[in-house]
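So this one's final_5.txt, compact mmCIF, C-alpha atoms:
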# COMPACT_ATOMS: atom_id res chain seq x y z
CA MET A 24 -70.00 108.92 5.25
CA ASN A 25 -67.01 107.04 6.68
CA VAL A 26 -63.48 106.90 5.33
CA LEU A 27 -64.08 103.68 3.33
CA GLU A 28 -67.14 105.18 1.68
CA ARG A 29 -65.20 108.35 0.83
CA LEU A 30 -62.32 106.29 -0.54
CA ALA A 31 -64.71 104.16 -2.63
CA ALA A 32 -66.28 107.33 -4.04
CA THR A 33 -62.85 108.74 -4.90
CA ILE A 34 -61.85 105.50 -6.62
CA GLN A 35 -65.11 105.49 -8.57
CA SER A 36 -64.47 109.08 -9.66
CA ARG A 37 -61.09 108.03 -11.08
CA LYS A 38 -62.66 105.42 -13.37
CA GLY A 39 -62.08 106.65 -16.91
CA ALA A 40 -59.69 109.40 -15.80
CA ASP A 41 -56.34 109.95 -17.48
CA PRO A 42 -54.02 107.15 -16.27
CA SER A 43 -51.09 109.56 -16.17
CA SER A 44 -52.93 111.75 -13.67
CA SER A 45 -53.70 109.16 -10.98
CA TRP A 46 -52.39 105.83 -9.67
CA THR A 47 -55.99 104.70 -9.24
CA ALA A 48 -56.86 105.64 -12.83
CA LYS A 49 -53.76 103.79 -14.01
CA LEU A 50 -54.75 100.62 -12.12
CA LEU A 51 -58.32 100.78 -13.39
CA SER A 52 -57.17 101.36 -16.98
CA GLN A 53 -55.19 98.11 -16.83
CA GLY A 54 -58.33 96.09 -16.26
CA PRO A 55 -59.82 93.86 -13.57
CA GLU A 56 -57.07 91.27 -13.87
CA LYS A 57 -54.38 93.81 -12.92
CA ALA A 58 -56.53 95.14 -10.09
CA ALA A 59 -56.94 91.57 -8.79
CA GLU A 60 -53.20 90.94 -9.10
CA LYS A 61 -52.37 94.09 -7.09
CA PHE A 62 -54.94 93.14 -4.44
CA GLY A 63 -53.33 89.70 -4.15
CA GLU A 64 -49.85 91.19 -3.81
CA GLU A 65 -50.99 93.50 -1.04
CA ALA A 66 -52.83 90.69 0.74
CA ILE A 67 -49.66 88.58 0.75
CA GLU A 68 -47.66 91.50 2.13
CA ALA A 69 -50.24 91.90 4.92
CA VAL A 70 -50.01 88.19 5.74
CA ILE A 71 -46.22 88.44 5.96
CA GLU A 72 -46.46 91.37 8.38
CA ALA A 73 -49.07 89.53 10.46
CA VAL A 74 -46.76 86.54 10.77
CA LYS A 75 -43.81 88.78 11.65
CA GLY A 76 -45.91 90.52 14.31
CA ASP A 77 -45.01 94.05 13.22
CA ARG A 78 -48.12 96.05 14.14
CA LYS A 79 -47.08 99.25 12.35
CA HIS A 80 -46.23 97.52 9.09
CA LEU A 81 -49.34 95.33 9.34
CA THR A 82 -51.46 98.47 9.80
CA ASN A 83 -49.91 100.04 6.70
CA GLU A 84 -50.33 96.86 4.64
CA ALA A 85 -53.93 96.46 5.83
CA ALA A 86 -54.66 99.98 4.56
CA ASP A 87 -53.12 98.99 1.21
CA VAL A 88 -55.28 95.84 1.14
CA LEU A 89 -58.46 97.83 1.73
CA TYR A 90 -57.56 100.36 -0.95
CA HIS A 91 -56.72 97.67 -3.51
CA LEU A 92 -59.85 95.71 -2.60
CA LEU A 93 -61.93 98.78 -3.41
CA VAL A 94 -60.05 99.26 -6.69
CA MET A 95 -60.68 95.62 -7.59
CA LEU A 96 -64.38 95.91 -6.73
CA THR A 97 -64.66 99.10 -8.80
CA SER A 98 -62.96 97.39 -11.74
CA ARG A 99 -65.84 94.88 -11.74
CA ASP A 100 -68.57 97.44 -10.96
CA VAL A 101 -69.21 96.01 -7.49
CA LYS A 102 -70.25 98.75 -5.07
CA LEU A 103 -68.98 98.98 -1.51
CA ALA A 104 -72.61 99.44 -0.47
CA ASP A 105 -73.41 95.99 -1.88
CA VAL A 106 -70.56 94.40 0.08
CA LEU A 107 -71.67 96.19 3.25
CA ALA A 108 -75.26 95.03 2.66
CA GLU A 109 -74.02 91.44 2.37
CA LEU A 110 -72.11 91.81 5.64
CA GLU A 111 -75.24 93.20 7.30
CA ARG A 112 -77.24 90.26 5.96
CA ARG A 113 -74.75 87.89 7.55
CA GLU A 114 -74.61 89.76 10.85
CA GLY A 115 -75.81 87.64 13.73
CA ILE A 116 -75.65 84.41 11.72
CA SER A 117 -73.17 81.76 12.75
CA GLY A 118 -70.32 81.53 10.28
CA ILE A 119 -70.81 77.78 10.18
CA ASP A 120 -74.53 78.16 9.39
CA GLU A 121 -73.93 80.90 6.83
CA LYS A 122 -71.33 78.87 4.96
CA ALA A 123 -73.55 75.74 5.01
CA ALA A 124 -76.39 77.77 3.41
CA ARG A 125 -74.30 78.66 0.35

Translate this structure into structure tokens?
Amino acid sequence: MNVLERLAATIQSRKGADPSSSWTAKLLSQGPEKAAEKFGEEAIEAVIEAVKGDRKHLTNEAADVLYHLLVMLTSRDVKLADVLAELERREGISGIDEKAAR
């Protein structure tokens, strides 16, 4: 199990937990819309750091993006394994061809 899988499992375990006991539980208790909003905020912060060229801050923001993506997925009962399976399905297919097939 890699770090993303462990993190996804931890986030899943926080679903339904006391919101005062965990930031993840608090986010999940506020619903999918709040999880999506937080993901968007973190994505924008990562874009800003990418434009600025600050590798350390971009690395930190990218970690925040991944965490908040997993929270958002969990809020909608989408499993990391399903996302990984979709990436595997696309592996080796031209991005242009894959997009045209949608």

Q | Distance query region 24-28 of chain A at most 10 Å, all atoms listed in the file, self and fewer than 5 positions along chain excluded, as a PyMOL selection string | A | chain A and resi 33-34+89-90+93+102-104

Q) So how many Å separate CA of Ala66 (chain A) and CA of Asn83 (chain A), to one decimal? A)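 Atom-to-atom, CA of Ala66 (chain A) and CA of Asn83 (chain A) are spaced 11.5 Å apart.
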
Q | region 68-71 of chain A environment, 9 Å, all atoms listed in the file, sequence neighbours closer than 4 positions dropped, as a VMD selection string | A | chain A and resid 63 to 64 75 to 76 80 to 85 87 to 88

Q: Write out as a PyMOL selection string which residues come within 12 Å of Trp46 (chain A) when counting only C-alpha atoms, dropping same-chain ones fewer than 6 positions away.
A: chain A and resi 33-34+37-38+40+52-53+58+90-91+94

Q: Using CA of Leu96 (chain A) and CA of Glu60 (chain A) as the two end points, give the distance in Å to one decimal.
A: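 So the answer is 12.5 Å.
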
Q. Which residue gives the smallest distance to Glu56 (chain A) among A:Arg125, A:Arg112, A:Arg29, A:Arg99, with only C-alpha atoms counted?
A.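 Of the candidates, the smallest distance to Glu56 (chain A) is held by A:Arg99.
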
Q: Go ahead and compute the interatomic distance for CA of Ser98 (chain A) and CA of Phe62 (chain A), in Å to one decimal.
A: 11.6 Å

Q | Using all atoms listed in the file: which of A:Gly115, A:Asp100, A:Val74, A:Ala108 has the shortest distance to Gly54 (chain A) | A |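 Among the listed residues, A:Asp100 lies closest to Gly54 (chain A).
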
Q. For Val101 (chain A), which residue out of A:Lys79, A:Thr47, A:Ile67, A:Pro55 is the nearest one, using only C-alpha atoms?
A.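 Smallest separation from Val101 (chain A) among the options: A:Pro55.
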
Q: Kindly indicate which residue among A:Ala86, A:Met95, A:Glu72, A:Glu65 lies nearest to Ala48 (chain A), using only C-alpha atoms for the distances.
A: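 The shortest atom-to-atom distance to Ala48 (chain A) comes from A:Met95.
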
(Q) I'd like to know which of A:Lys57, A:Thr97, A:Ile116, A:Ala123 is closest to Ala32 (chain A), using all atoms listed in the file. (A) A:Thr97

Q. Closest to Ser36 (chain A) among A:Ala73, A:Ala59, A:Leu51, A:Glu109, using only C-alpha atoms?
A.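 Of A:Ala73, A:Ala59, A:Leu51, A:Glu109, the one nearest Ser36 (chain A), counting only C-alpha atoms, is A:Leu51.
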
Will you model N, CA and C atoms for region 55-91 of chain A and pass it back as an mmCIF file, in the frame of the given file?
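rebuild.cif was written with the following content:
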data_model
loop_
_atom_site.group_PDB
_atom_site.id
_atom_site.type_symbol
_atom_site.label_atom_id
_atom_site.label_comp_id
_atom_site.auth_asym_id
_atom_site.auth_seq_id
_atom_site.Cartn_x
_atom_site.Cartn_y
_atom_site.Cartn_z
ATOM 1 N N PRO A 55 -59.545 94.587 -14.808
ATOM 2 C CA PRO A 55 -59.820 93.860 -13.570
ATOM 3 C C PRO A 55 -58.742 92.853 -13.187
ATOM 4 N N GLU A 56 -58.109 92.256 -14.179
ATOM 5 C CA GLU A 56 -57.070 91.270 -13.870
ATOM 6 C C GLU A 56 -55.898 91.918 -13.136
ATOM 7 N N LYS A 57 -55.483 93.098 -13.582
ATOM 8 C CA LYS A 57 -54.380 93.810 -12.920
ATOM 9 C C LYS A 57 -54.804 94.261 -11.526
ATOM 10 N N ALA A 58 -56.037 94.725 -11.403
ATOM 11 C CA ALA A 58 -56.530 95.140 -10.090
ATOM 12 C C ALA A 58 -56.526 93.950 -9.127
ATOM 13 N N ALA A 59 -56.930 92.783 -9.618
ATOM 14 C CA ALA A 59 -56.940 91.570 -8.790
ATOM 15 C C ALA A 59 -55.514 91.164 -8.414
ATOM 16 N N GLU A 60 -54.604 91.277 -9.358
ATOM 17 C CA GLU A 60 -53.200 90.940 -9.100
ATOM 18 C C GLU A 60 -52.633 91.844 -7.995
ATOM 19 N N LYS A 61 -52.886 93.144 -8.100
ATOM 20 C CA LYS A 61 -52.370 94.090 -7.090
ATOM 21 C C LYS A 61 -52.992 93.801 -5.728
ATOM 22 N N PHE A 62 -54.294 93.483 -5.698
ATOM 23 C CA PHE A 62 -54.940 93.140 -4.440
ATOM 24 C C PHE A 62 -54.249 91.916 -3.827
ATOM 25 N N GLY A 63 -53.993 90.901 -4.639
ATOM 26 C CA GLY A 63 -53.330 89.700 -4.150
ATOM 27 C C GLY A 63 -51.945 89.982 -3.597
ATOM 28 N N GLU A 64 -51.184 90.820 -4.289
ATOM 29 C CA GLU A 64 -49.850 91.190 -3.810
ATOM 30 C C GLU A 64 -49.920 91.857 -2.441
ATOM 31 N N GLU A 65 -50.862 92.785 -2.318
ATOM 32 C CA GLU A 65 -50.990 93.500 -1.040
ATOM 33 C C GLU A 65 -51.468 92.575 0.071
ATOM 34 N N ALA A 66 -52.353 91.642 -0.263
ATOM 35 C CA ALA A 66 -52.830 90.690 0.740
ATOM 36 C C ALA A 66 -51.682 89.826 1.254
ATOM 37 N N ILE A 67 -50.818 89.380 0.351
ATOM 38 C CA ILE A 67 -49.660 88.580 0.750
ATOM 39 C C ILE A 67 -48.734 89.390 1.644
ATOM 40 N N GLU A 68 -48.514 90.653 1.286
ATOM 41 C CA GLU A 68 -47.660 91.500 2.130
ATOM 42 C C GLU A 68 -48.270 91.675 3.521
ATOM 43 N N ALA A 69 -49.580 91.780 3.617
ATOM 44 C CA ALA A 69 -50.240 91.900 4.920
ATOM 45 C C ALA A 69 -50.068 90.608 5.720
ATOM 46 N N VAL A 70 -50.189 89.475 5.067
ATOM 47 C CA VAL A 70 -50.010 88.190 5.740
ATOM 48 C C VAL A 70 -48.585 88.093 6.294
ATOM 49 N N ILE A 71 -47.622 88.486 5.506
ATOM 50 C CA ILE A 71 -46.220 88.440 5.960
ATOM 51 C C ILE A 71 -46.033 89.289 7.208
ATOM 52 N N GLU A 72 -46.602 90.493 7.206
ATOM 53 C CA GLU A 72 -46.460 91.370 8.380
ATOM 54 C C GLU A 72 -47.209 90.813 9.586
ATOM 55 N N ALA A 73 -48.326 90.141 9.346
ATOM 56 C CA ALA A 73 -49.070 89.530 10.460
ATOM 57 C C ALA A 73 -48.251 88.418 11.096
ATOM 58 N N VAL A 74 -47.593 87.624 10.259
ATOM 59 C CA VAL A 74 -46.760 86.540 10.770
ATOM 60 C C VAL A 74 -45.556 87.101 11.526
ATOM 61 N N LYS A 75 -44.972 88.164 11.000
ATOM 62 C CA LYS A 75 -43.810 88.780 11.650
ATOM 63 C C LYS A 75 -44.197 89.465 12.960
ATOM 64 N N GLY A 76 -45.454 89.865 13.084
ATOM 65 C CA GLY A 76 -45.910 90.520 14.310
ATOM 66 C C GLY A 76 -45.597 91.994 14.386
ATOM 67 N N ASP A 77 -45.323 92.613 13.251
ATOM 68 C CA ASP A 77 -45.010 94.050 13.220
ATOM 69 C C ASP A 77 -46.309 94.834 13.047
ATOM 70 N N ARG A 78 -46.820 95.370 14.147
ATOM 71 C CA ARG A 78 -48.120 96.050 14.140
ATOM 72 C C ARG A 78 -48.148 97.247 13.193
ATOM 73 N N LYS A 79 -47.094 98.057 13.203
ATOM 74 C CA LYS A 79 -47.080 99.250 12.350
ATOM 75 C C LYS A 79 -47.105 98.871 10.881
ATOM 76 N N HIS A 80 -46.250 97.929 10.495
ATOM 77 C CA HIS A 80 -46.230 97.520 9.090
ATOM 78 C C HIS A 80 -47.513 96.794 8.706
ATOM 79 N N LEU A 81 -48.060 95.998 9.622
ATOM 80 C CA LEU A 81 -49.340 95.330 9.340
ATOM 81 C C LEU A 81 -50.445 96.360 9.136
ATOM 82 N N THR A 82 -50.459 97.399 9.948
ATOM 83 C CA THR A 82 -51.460 98.470 9.800
ATOM 84 C C THR A 82 -51.339 99.117 8.425
ATOM 85 N N ASN A 83 -50.116 99.422 8.017
ATOM 86 C CA ASN A 83 -49.910 100.040 6.700
ATOM 87 C C ASN A 83 -50.321 99.105 5.571
ATOM 88 N N GLU A 84 -49.959 97.828 5.682
ATOM 89 C CA GLU A 84 -50.330 96.860 4.640
ATOM 90 C C GLU A 84 -51.836 96.626 4.608
ATOM 91 N N ALA A 85 -52.474 96.635 5.779
ATOM 92 C CA ALA A 85 -53.930 96.460 5.830
ATOM 93 C C ALA A 85 -54.628 97.620 5.114
ATOM 94 N N ALA A 86 -54.101 98.823 5.274
ATOM 95 C CA ALA A 86 -54.660 99.980 4.560
ATOM 96 C C ALA A 86 -54.502 99.784 3.053
ATOM 97 N N ASP A 87 -53.336 99.273 2.631
ATOM 98 C CA ASP A 87 -53.120 98.990 1.210
ATOM 99 C C ASP A 87 -54.101 97.931 0.708
ATOM 100 N N VAL A 88 -54.337 96.902 1.522
ATOM 101 C CA VAL A 88 -55.280 95.840 1.140
ATOM 102 C C VAL A 88 -56.672 96.422 0.938
ATOM 103 N N LEU A 89 -57.120 97.242 1.859
ATOM 104 C CA LEU A 89 -58.460 97.830 1.730
ATOM 105 C C LEU A 89 -58.570 98.699 0.485
ATOM 106 N N TYR A 90 -57.557 99.519 0.246
ATOM 107 C CA TYR A 90 -57.560 100.360 -0.950
ATOM 108 C C TYR A 90 -57.627 99.497 -2.212
ATOM 109 N N HIS A 91 -56.758 98.495 -2.299
ATOM 110 C CA HIS A 91 -56.720 97.670 -3.510
ATOM 111 C C HIS A 91 -57.962 96.793 -3.643
#
